[in-house]
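See structure below.
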Amino acid sequence: MQIKIKYFGMLTEITNCQEGTIDFSGIYISELLEILYVKYPSLKNKEFQVAQNQQLVSGKTKLNSNEIVLLPPFSGG
Amino acid sequence: MQIKIKYFGMLTEITNCQEGTIDFSGIYISELLEILYVKYPSLKNKEFQVAQNQQLVSGKTKLNSNEIVLLPPFSGG
Amino acid sequence: MSDKKTKNVFIQGAISSEFIGDSIAKHQTKTSIGAHNIFLGQVRADVVNNKRVSAIEYTAYEDMANAKFQEIRKAAFEKFELTCMHIYHSLGMVNAGEICLFVFVSSPHRKTVFEALEFIVEDIKAHVPVFGKEIFEDNSHQWKVNN
Amino acid sequence: MSDKKTKNVFIQGAISSEFIGDSIAKHQTKTSIGAHNIFLGQVRADVVNNKRVSAIEYTAYEDMANAKFQEIRKAAFEKFELTCMHIYHSLGMVNAGEICLFVFVSSPHRKTVFEALEFIVEDIKAHVPVFGKEIFEDNSHQWKVNN
């Protein structure tokens, strides 16, 4: 399955893009992250949260959307 | 000694004036209040504070100004 | 009895939204500020015994009130890391829906302004000799009581 | 994924003092209001390693942010007796000294607005996916961190 991945804030400086797609056949978010860590090794050293369907999710969550969003620490206001 | 007495807020409805003078030969604020209670009996039923030199004072304070101010409960803002 | 010069905090009539907007605009050159907190007191059209408040007429023991405002300012600057502070209070008639109190604090950090603003507003309500006469639509009145 | 219509909280660029003044003016017909409390976030010209912040560029995961703002609104109305509440946040460039966050709560009583405003602002800072890029005068940058 093609999954769209969106990146925000400082993460876009690691990926050099605001979004990309990866081909994914696993079940869990954690598996998806493993693929991203291979593609962008320095992502491992960054603090970020993962959102699916506009909700923050953990690695143990099952993927149930074709869009996943990586969010660095919030700094609004 | 002639003492000027100023009244504010609801107290002006008892005294029918915003200021008046009384002739006073005592020492303490409490003595001055006794004279005012004779002049305006319903003042006794009203809650108020006394200011001398822009400071709130008690009945035990000695009079040391020729102006005394009677202040009902504050209701600014 | 104090020799300190005290700023006049009072404004005749309501405090306009333009005045408040202008006051905010004046802070854009103060670039150490990160957070502003503004309190506005507005005259409520309370209904008492089927009569509606149409306005409040404010009077004050002005000399003492201005001195108290100055004391409150001083205490707040000592207690909190504030960049600036402004206080304005209406005198005379303020209609229901209009603004009668404007307190404005600014600081590098938000925690400071939250603490400072509440401290200042409570201090004003408790210690400044201002008196509100609530005027009803039939021109009768009652004296406002703070709580 | 939510079907709820969510209001757009974002404004392109700085939030002007006129906008804030107009927003205050619009509340003068709501005569059950006795107290307003306004929080304004302003971009600080912080100095880091001898370089001064000249602006912050804000980006956001807008769909999720608007949904979060909506959740915060809902929670605040449930928790506090508020008459109204408005939240605006900047996107894009906001220069030092300009306003990037405007939170406005109104209630019959002052205690309510103090509690509600702090609750809402802290919730926004912690839970809304907005990202600030601090731009220095030499065009280098660092990513803002809230604390």
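Simple scheme: letters A, B, ... for chains in structure tokens order, numbers from 1 for residues in each chain, numbers from 1 for ligands in the order shown.
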Spatial neighbours of range 23-28 of chain C, max dist 10 Å, only C-alpha atoms, sep filter under 2 positions, as JSON, numbers by chain: {"C": [17, 18, 19, 20, 21, 30, 31, 32, 33, 36, 38, 84, 86, 104, 106], "D": [16, 17, 18, 20, 21, 40, 42, 43, 44, 95, 96, 97, 98, 99]}
Write a file of the selected residues as a JSON list (two decimals), in the first residue's frame, keeping N, CA, C and O atoms.
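Below you can see part_13.json, which holds the result:
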[["chain", "number", "residue", "atom", "x", "y", "z"],
["C", 17, "SER", "N", -13.00, 51.04, 22.78],
["C", 17, "SER", "CA", -12.21, 49.94, 22.22],
["C", 17, "SER", "C", -11.04, 50.50, 21.40],
["C", 17, "SER", "O", -9.99, 49.86, 21.31],
["C", 18, "GLU", "N", -11.20, 51.70, 20.81],
["C", 18, "GLU", "CA", -10.10, 52.32, 20.06],
["C", 18, "GLU", "C", -8.95, 52.66, 21.01],
["C", 18, "GLU", "O", -7.77, 52.47, 20.68],
["C", 19, "PHE", "N", -9.28, 53.16, 22.19],
["C", 19, "PHE", "CA", -8.27, 53.50, 23.18],
["C", 19, "PHE", "C", -7.46, 52.25, 23.55],
["C", 19, "PHE", "O", -6.23, 52.28, 23.65],
["C", 20, "ILE", "N", -8.19, 51.14, 23.72],
["C", 20, "ILE", "CA", -7.54, 49.88, 24.09],
["C", 20, "ILE", "C", -6.65, 49.38, 22.94],
["C", 20, "ILE", "O", -5.51, 48.99, 23.15],
["C", 21, "GLY", "N", -7.20, 49.44, 21.71],
["C", 21, "GLY", "CA", -6.42, 49.04, 20.53],
["C", 21, "GLY", "C", -5.14, 49.87, 20.39],
["C", 21, "GLY", "O", -4.06, 49.33, 20.14],
["C", 30, "LYS", "N", 8.28, 47.50, 22.02],
["C", 30, "LYS", "CA", 8.90, 46.89, 23.20],
["C", 30, "LYS", "C", 9.09, 45.40, 22.93],
["C", 30, "LYS", "O", 8.26, 44.56, 23.29],
["C", 31, "THR", "N", 10.20, 45.08, 22.30],
["C", 31, "THR", "CA", 10.36, 43.73, 21.76],
["C", 31, "THR", "C", 10.94, 42.73, 22.77],
["C", 31, "THR", "O", 11.28, 41.61, 22.40],
["C", 32, "SER", "N", 11.02, 43.13, 24.05],
["C", 32, "SER", "CA", 11.35, 42.12, 25.07],
["C", 32, "SER", "C", 10.07, 41.48, 25.60],
["C", 32, "SER", "O", 10.11, 40.50, 26.34],
["C", 33, "ILE", "N", 8.93, 42.06, 25.22],
["C", 33, "ILE", "CA", 7.64, 41.52, 25.68],
["C", 33, "ILE", "C", 7.28, 40.28, 24.87],
["C", 33, "ILE", "O", 7.37, 40.27, 23.65],
["C", 36, "HIS", "N", 1.13, 39.61, 26.75],
["C", 36, "HIS", "CA", 0.28, 40.64, 27.34],
["C", 36, "HIS", "C", -0.93, 39.96, 27.95],
["C", 36, "HIS", "O", -1.43, 38.98, 27.40],
["C", 38, "ILE", "N", -4.75, 41.32, 29.45],
["C", 38, "ILE", "CA", -5.63, 42.48, 29.59],
["C", 38, "ILE", "C", -6.91, 42.08, 30.30],
["C", 38, "ILE", "O", -7.55, 41.10, 29.91],
["C", 84, "CYS", "N", 5.71, 46.32, 31.51],
["C", 84, "CYS", "CA", 4.89, 47.50, 31.78],
["C", 84, "CYS", "C", 3.51, 47.15, 32.27],
["C", 84, "CYS", "O", 3.09, 45.99, 32.24],
["C", 86, "HIS", "N", -0.51, 49.17, 32.85],
["C", 86, "HIS", "CA", -1.37, 50.34, 32.67],
["C", 86, "HIS", "C", -2.71, 50.05, 33.32],
["C", 86, "HIS", "O", -3.25, 48.95, 33.19],
["C", 104, "PHE", "N", -3.79, 46.37, 32.07],
["C", 104, "PHE", "CA", -2.96, 45.85, 30.97],
["C", 104, "PHE", "C", -1.56, 45.59, 31.51],
["C", 104, "PHE", "O", -0.87, 46.52, 31.92],
["C", 106, "SER", "N", 2.28, 43.48, 30.85],
["C", 106, "SER", "CA", 3.13, 42.88, 29.83],
["C", 106, "SER", "C", 4.42, 42.39, 30.46],
["C", 106, "SER", "O", 4.94, 43.04, 31.38],
["D", 16, "SER", "N", -3.44, 42.32, 14.03],
["D", 16, "SER", "CA", -3.30, 43.77, 14.24],
["D", 16, "SER", "C", -4.05, 44.24, 15.49],
["D", 16, "SER", "O", -5.02, 43.61, 15.91],
["D", 17, "SER", "N", -3.60, 45.37, 16.03],
["D", 17, "SER", "CA", -4.27, 45.95, 17.20],
["D", 17, "SER", "C", -5.68, 46.42, 16.83],
["D", 17, "SER", "O", -6.58, 46.40, 17.67],
["D", 18, "GLU", "N", -5.89, 46.81, 15.56],
["D", 18, "GLU", "CA", -7.24, 47.21, 15.11],
["D", 18, "GLU", "C", -8.19, 46.02, 15.17],
["D", 18, "GLU", "O", -9.35, 46.14, 15.57],
["D", 20, "ILE", "N", -8.00, 43.51, 17.13],
["D", 20, "ILE", "CA", -8.30, 43.24, 18.54],
["D", 20, "ILE", "C", -9.30, 44.27, 19.07],
["D", 20, "ILE", "O", -10.28, 43.90, 19.74],
["D", 21, "GLY", "N", -9.06, 45.54, 18.75],
["D", 21, "GLY", "CA", -10.00, 46.60, 19.17],
["D", 21, "GLY", "C", -11.40, 46.35, 18.63],
["D", 21, "GLY", "O", -12.39, 46.47, 19.36],
["D", 40, "LEU", "N", -2.46, 38.02, 24.80],
["D", 40, "LEU", "CA", -1.81, 38.28, 23.52],
["D", 40, "LEU", "C", -0.39, 37.74, 23.58],
["D", 40, "LEU", "O", 0.38, 38.09, 24.48],
["D", 42, "GLN", "N", 3.20, 37.89, 21.91],
["D", 42, "GLN", "CA", 3.94, 38.84, 21.05],
["D", 42, "GLN", "C", 5.32, 38.24, 20.77],
["D", 42, "GLN", "O", 5.93, 37.65, 21.66],
["D", 43, "VAL", "N", 5.79, 38.41, 19.54],
["D", 43, "VAL", "CA", 7.10, 37.84, 19.16],
["D", 43, "VAL", "C", 8.22, 38.65, 19.81],
["D", 43, "VAL", "O", 8.32, 39.86, 19.63],
["D", 44, "ARG", "N", 9.03, 37.95, 20.62],
["D", 44, "ARG", "CA", 10.14, 38.59, 21.33],
["D", 44, "ARG", "C", 11.40, 38.61, 20.46],
["D", 44, "ARG", "O", 11.71, 37.63, 19.80],
["D", 95, "ASN", "N", 6.69, 39.59, 12.64],
["D", 95, "ASN", "CA", 7.91, 40.28, 13.07],
["D", 95, "ASN", "C", 7.97, 40.46, 14.58],
["D", 95, "ASN", "O", 6.93, 40.48, 15.25],
["D", 96, "ALA", "N", 9.17, 40.62, 15.10],
["D", 96, "ALA", "CA", 9.34, 40.91, 16.53],
["D", 96, "ALA", "C", 8.50, 42.13, 16.89],
["D", 96, "ALA", "O", 8.48, 43.12, 16.15],
["D", 97, "GLY", "N", 7.81, 42.06, 18.00],
["D", 97, "GLY", "CA", 6.93, 43.16, 18.44],
["D", 97, "GLY", "C", 5.49, 43.00, 17.96],
["D", 97, "GLY", "O", 4.60, 43.70, 18.44],
["D", 98, "GLU", "N", 5.27, 42.11, 17.02],
["D", 98, "GLU", "CA", 3.91, 41.89, 16.51],
["D", 98, "GLU", "C", 3.24, 40.73, 17.26],
["D", 98, "GLU", "O", 3.90, 39.92, 17.90],
["D", 99, "ILE", "N", 1.92, 40.70, 17.12],
["D", 99, "ILE", "CA", 1.13, 39.73, 17.89],
["D", 99, "ILE", "C", 0.80, 38.50, 17.05],
["D", 99, "ILE", "O", 0.38, 38.61, 15.90]]
Residues within 9 Å of range 20-36 of chain B, only C-alpha atoms, excluding chain neighbours under 5 positions, as a ChimeraX atom specification: /B:1-7,15,41,43,50,57-64,67-68
Strand (DSSP E or B) call set, DSSP backbone run, range 21-129 of chain C, as a ChimeraX atom specification: /C:35-42,47-48,51-60,84-95,99-107
Residue hits in chain B, query chain C, radius 10 Å, only C-alpha atoms, as a ChimeraX atom specification: /B:6-10,51-56,65,69-77
Expected file contents, prior selection, C-alpha atoms, as a PDB file, in the first residue's frame:
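That gives us part-v6.pdb:
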ATOM      1  CA  LYS B   6     -16.285  64.474  53.058  1.00  0.00           C
ATOM      2  CA  TYR B   7     -18.875  61.828  52.192  1.00  0.00           C
ATOM      3  CA  PHE B   8     -18.922  59.420  49.265  1.00  0.00           C
ATOM      4  CA  GLY B   9     -21.319  57.036  47.551  1.00  0.00           C
ATOM      5  CA  MET B  10     -24.431  55.968  49.413  1.00  0.00           C
ATOM      6  CA  ALA B  51      -9.766  57.985  55.875  1.00  0.00           C
ATOM      7  CA  GLN B  52      -7.358  60.598  57.199  1.00  0.00           C
ATOM      8  CA  ASN B  53      -4.512  61.812  55.019  1.00  0.00           C
ATOM      9  CA  GLN B  54      -5.624  59.313  52.356  1.00  0.00           C
ATOM     10  CA  GLN B  55      -5.090  56.400  54.747  1.00  0.00           C
ATOM     11  CA  LEU B  56      -7.793  54.256  56.335  1.00  0.00           C
ATOM     12  CA  SER B  65      -5.758  66.527  59.880  1.00  0.00           C
ATOM     13  CA  VAL B  69     -13.333  61.295  54.688  1.00  0.00           C
ATOM     14  CA  LEU B  70     -16.124  58.734  55.138  1.00  0.00           C
ATOM     15  CA  LEU B  71     -16.044  55.907  52.592  1.00  0.00           C
ATOM     16  CA  PRO B  72     -18.757  53.276  52.064  1.00  0.00           C
ATOM     17  CA  PRO B  73     -17.772  49.810  50.698  1.00  0.00           C
ATOM     18  CA  PHE B  74     -15.700  50.132  47.538  1.00  0.00           C
ATOM     19  CA  SER B  75     -17.277  48.977  44.306  1.00  0.00           C
ATOM     20  CA  GLY B  76     -14.909  49.870  41.495  1.00  0.00           C
ATOM     21  CA  GLY B  77     -14.335  47.887  38.327  1.00  0.00           C
TER      22      GLY B  77
END
Identical-sequence pair chain C and chain D: C-alpha RMSD when superposed in order: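 After least-squares fitting, the two copies differ by 0.1 Å C-alpha RMSD.
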Contacts of Asn49 in chain D within 12 Å, only C-alpha atoms, excl. fewer than 6 positions in-chain, as a list in words: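 Result of the neighbour search: Phe136, Ser140, His141 and Gln142 of chain D.
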Straight-line distance linking CA of Ile135 in chain D with CA of Gly34 in chain C, stated in Å to one decimal: 15.7 Å
Expected answer as a count of residues only: helix (DSSP H, G or I) residues in chain B: 23
Atomic separation - CA of Ala14 in chain C relative to CA of Gly92 in chain C, Å: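 Going from CA of Gly92 in chain C over to CA of Ala14 in chain C, I get 8.4 Å.
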Point-to-point distance from CA of Phe80 in chain D to CA of Phe39 in chain C, Å rounded to tenths: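 Atom-to-atom, CA of Phe80 in chain D and CA of Phe39 in chain C are spaced 17.1 Å apart.
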Nearest to Ile87 in chain D, chosen from D:Arg110, D:Asp46, D:Ile120, D:Lys74, with only C-alpha atoms counted in the distances: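 Closest candidate: D:Ile120.
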